[in-house]
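First comes the structure, then the notes that go with it.
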Amino acid sequence: MGREGKKLSASGKRARGADVHGSGTGSEAEPKSGSGVDQEFLALERELAVFLRRARAQSGEMAREVHPELEPAAYGLFVRLDEAGPQRATDLAGYFGVGKATMSRQLRALEELGLVARDPDPADGRASLVRLTDEGQGRFRHVRDARRERYVRKLADWDRAEVAELARLLHHFNVRSAEG
């Protein structure tokens with residue numbers, strides 16, 4: 001049975017035959033309410049709103065753990081630079097869906113703290129590539145590893161396949177969201 005057909009019971013175990021809206025009837029959820037709105041998409045919006053609010057708060061905490069003067073958006077930059085390697089500022093702006101001026105301001109602050117550096121782009125001498133410094137990478141990885149340990153503890157009762165499925169679905173959603 002898929003994730004959509006399971007619901008967490010009070011004990012934290014997934015109960016079969018309960019829909020994602022909590023009716024517990026085991027039948028498919030009504031596709032539309034009286035106002036013509038898909039209940040599944042309302043549920044998705046509600047859960048994403050909670051998830052995003054918590055993620056923003058956690059990103060702020062994580063950024064401050066890397067350095068007390070960092071703003072929350074900096075943590076995402078560290079993740080991207082650590083995973084993808086050196087990037088042009090314009091590519092980073094496009095990846096995160098922010099303007100060039102916003103990205104430039106964020107990167108300038110990180111440079112002043114010695115957490116990122118710019119090197120000439122070997123493919124185009126007029127451009128530069130942003131990379132994590134050794135200091136930035138060390139601080140980031142220390143915080144990232146602690147965060148992953150928290151996820152491991154929070155999801156200890158989940159099957160590894162469920163964790164992988166959640167990651168797959170979130171990736172799929174993020175790719176679709178980037179497409180517009």
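Going through the structure tokens in order, the chains are called A, B, and so on, while each chain numbers its residues from 1 and the ligands are numbered from 1 in the order shown.
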
Counting only C-alpha atoms, which residues in segment 54-99 of chain A sit no more than 12 Å from segment 156-177 of chain A? For each one, give the nearest pair of atoms and the distance in Å, sorted by chain then residue number, as a tab-separated table.
```
residue	atom	partner	partner_atom	distance
A:Tyr95	CA	A:Val175	CA	10.6
A:Phe96	CA	A:Asn174	CA	10.8
A:Gly97	CA	A:Ser177	CA	10.4
```

Exercise. Please identify which residues in segment 31-117 of chain A DSSP calls alpha helix (DSSP H) from the backbone, and express them as a VMD selection string.
Key: chain A and resid 39 to 66 73 to 84 89 to 96 100 to 112

Exercise. Would you return as an NGL selection string the members of segment 41-174 of chain A that DSSP assigns to strand (DSSP E or B) on this structure's backbone?
Key: :A and (87 or 116-121 or 124-132)

List every residue of segment 116-160 of chain A that has an atom at most 7 Å from any atom of segment 84-93 of chain A, and for each one report the closest atom pair and its distance in Å to one decimal, counting only C-alpha atoms, with rows sorted by chain and then by increasing residue number, as a tab-separated table.
```
residue	atom	partner	partner_atom	distance
A:Ser128	CA	A:Arg88	CA	6.1
A:Leu129	CA	A:Arg88	CA	4.6
A:Val130	CA	A:Pro86	CA	5.2
A:Arg131	CA	A:Pro86	CA	4.5
```

Next, dump the selected residues to file, keeping only all heavy atoms, as a PDB file, in the first residue's frame.
```pdb
ATOM      1  N   SER A 128      33.725  34.984 -12.582  1.00  0.00           N
ATOM      2  CA  SER A 128      34.376  34.298 -11.466  1.00  0.00           C
ATOM      3  C   SER A 128      33.477  33.187 -10.955  1.00  0.00           C
ATOM      4  O   SER A 128      32.270  33.182 -11.177  1.00  0.00           O
ATOM      5  CB  SER A 128      34.692  35.290 -10.337  1.00  0.00           C
ATOM      6  OG  SER A 128      33.515  35.856  -9.816  1.00  0.00           O
ATOM      7  N   LEU A 129      34.119  32.232 -10.302  1.00  0.00           N
ATOM      8  CA  LEU A 129      33.415  31.117  -9.687  1.00  0.00           C
ATOM      9  C   LEU A 129      33.487  31.275  -8.176  1.00  0.00           C
ATOM     10  O   LEU A 129      34.547  31.580  -7.625  1.00  0.00           O
ATOM     11  CB  LEU A 129      34.054  29.786 -10.089  1.00  0.00           C
ATOM     12  CG  LEU A 129      33.998  29.426 -11.567  1.00  0.00           C
ATOM     13  CD1 LEU A 129      34.782  28.141 -11.827  1.00  0.00           C
ATOM     14  CD2 LEU A 129      32.561  29.282 -12.043  1.00  0.00           C
ATOM     15  N   VAL A 130      32.370  31.055  -7.526  1.00  0.00           N
ATOM     16  CA  VAL A 130      32.290  31.141  -6.069  1.00  0.00           C
ATOM     17  C   VAL A 130      32.507  29.739  -5.515  1.00  0.00           C
ATOM     18  O   VAL A 130      31.937  28.770  -5.999  1.00  0.00           O
ATOM     19  CB  VAL A 130      30.911  31.669  -5.624  1.00  0.00           C
ATOM     20  CG1 VAL A 130      30.823  31.740  -4.109  1.00  0.00           C
ATOM     21  CG2 VAL A 130      30.618  33.015  -6.257  1.00  0.00           C
ATOM     22  N   ARG A 131      33.339  29.631  -4.490  1.00  0.00           N
ATOM     23  CA  ARG A 131      33.603  28.343  -3.848  1.00  0.00           C
ATOM     24  C   ARG A 131      33.656  28.543  -2.347  1.00  0.00           C
ATOM     25  O   ARG A 131      33.874  29.651  -1.852  1.00  0.00           O
ATOM     26  CB  ARG A 131      34.928  27.754  -4.335  1.00  0.00           C
ATOM     27  CG  ARG A 131      36.118  28.593  -3.935  1.00  0.00           C
ATOM     28  CD  ARG A 131      37.451  27.916  -4.228  1.00  0.00           C
ATOM     29  NE  ARG A 131      38.547  28.832  -3.971  1.00  0.00           N
ATOM     30  CZ  ARG A 131      39.068  29.074  -2.771  1.00  0.00           C
ATOM     31  NH1 ARG A 131      38.603  28.454  -1.711  1.00  0.00           N
ATOM     32  NH2 ARG A 131      40.048  29.939  -2.621  1.00  0.00           N
TER      33      ARG A 131
END
```

Self-check item: Surrounding residues of segment 115-125 of chain A excluding itself and chain neighbours under 2 positions, 9 Å, only C-alpha atoms, as a list in words
Solution: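 Everything that qualifies: Phe78, Pro86, Arg88, Leu107, Arg108, Ala109, Leu110, Glu111, Glu112, Leu113, Ala127, Ser128, Leu129, Val130, Arg131, Leu132, Thr133, Asp134, Glu135, Gly136, Gln137 and Arg139 of chain A.
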
Quiz item: Pick from A:Gln39, A:Arg105, A:Gln58, A:Val98: nearest to Val143 of chain A, with only C-alpha atoms counted?
Solution: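 Looking at the shortest contact to Val143 of chain A, the residue is A:Gln58.
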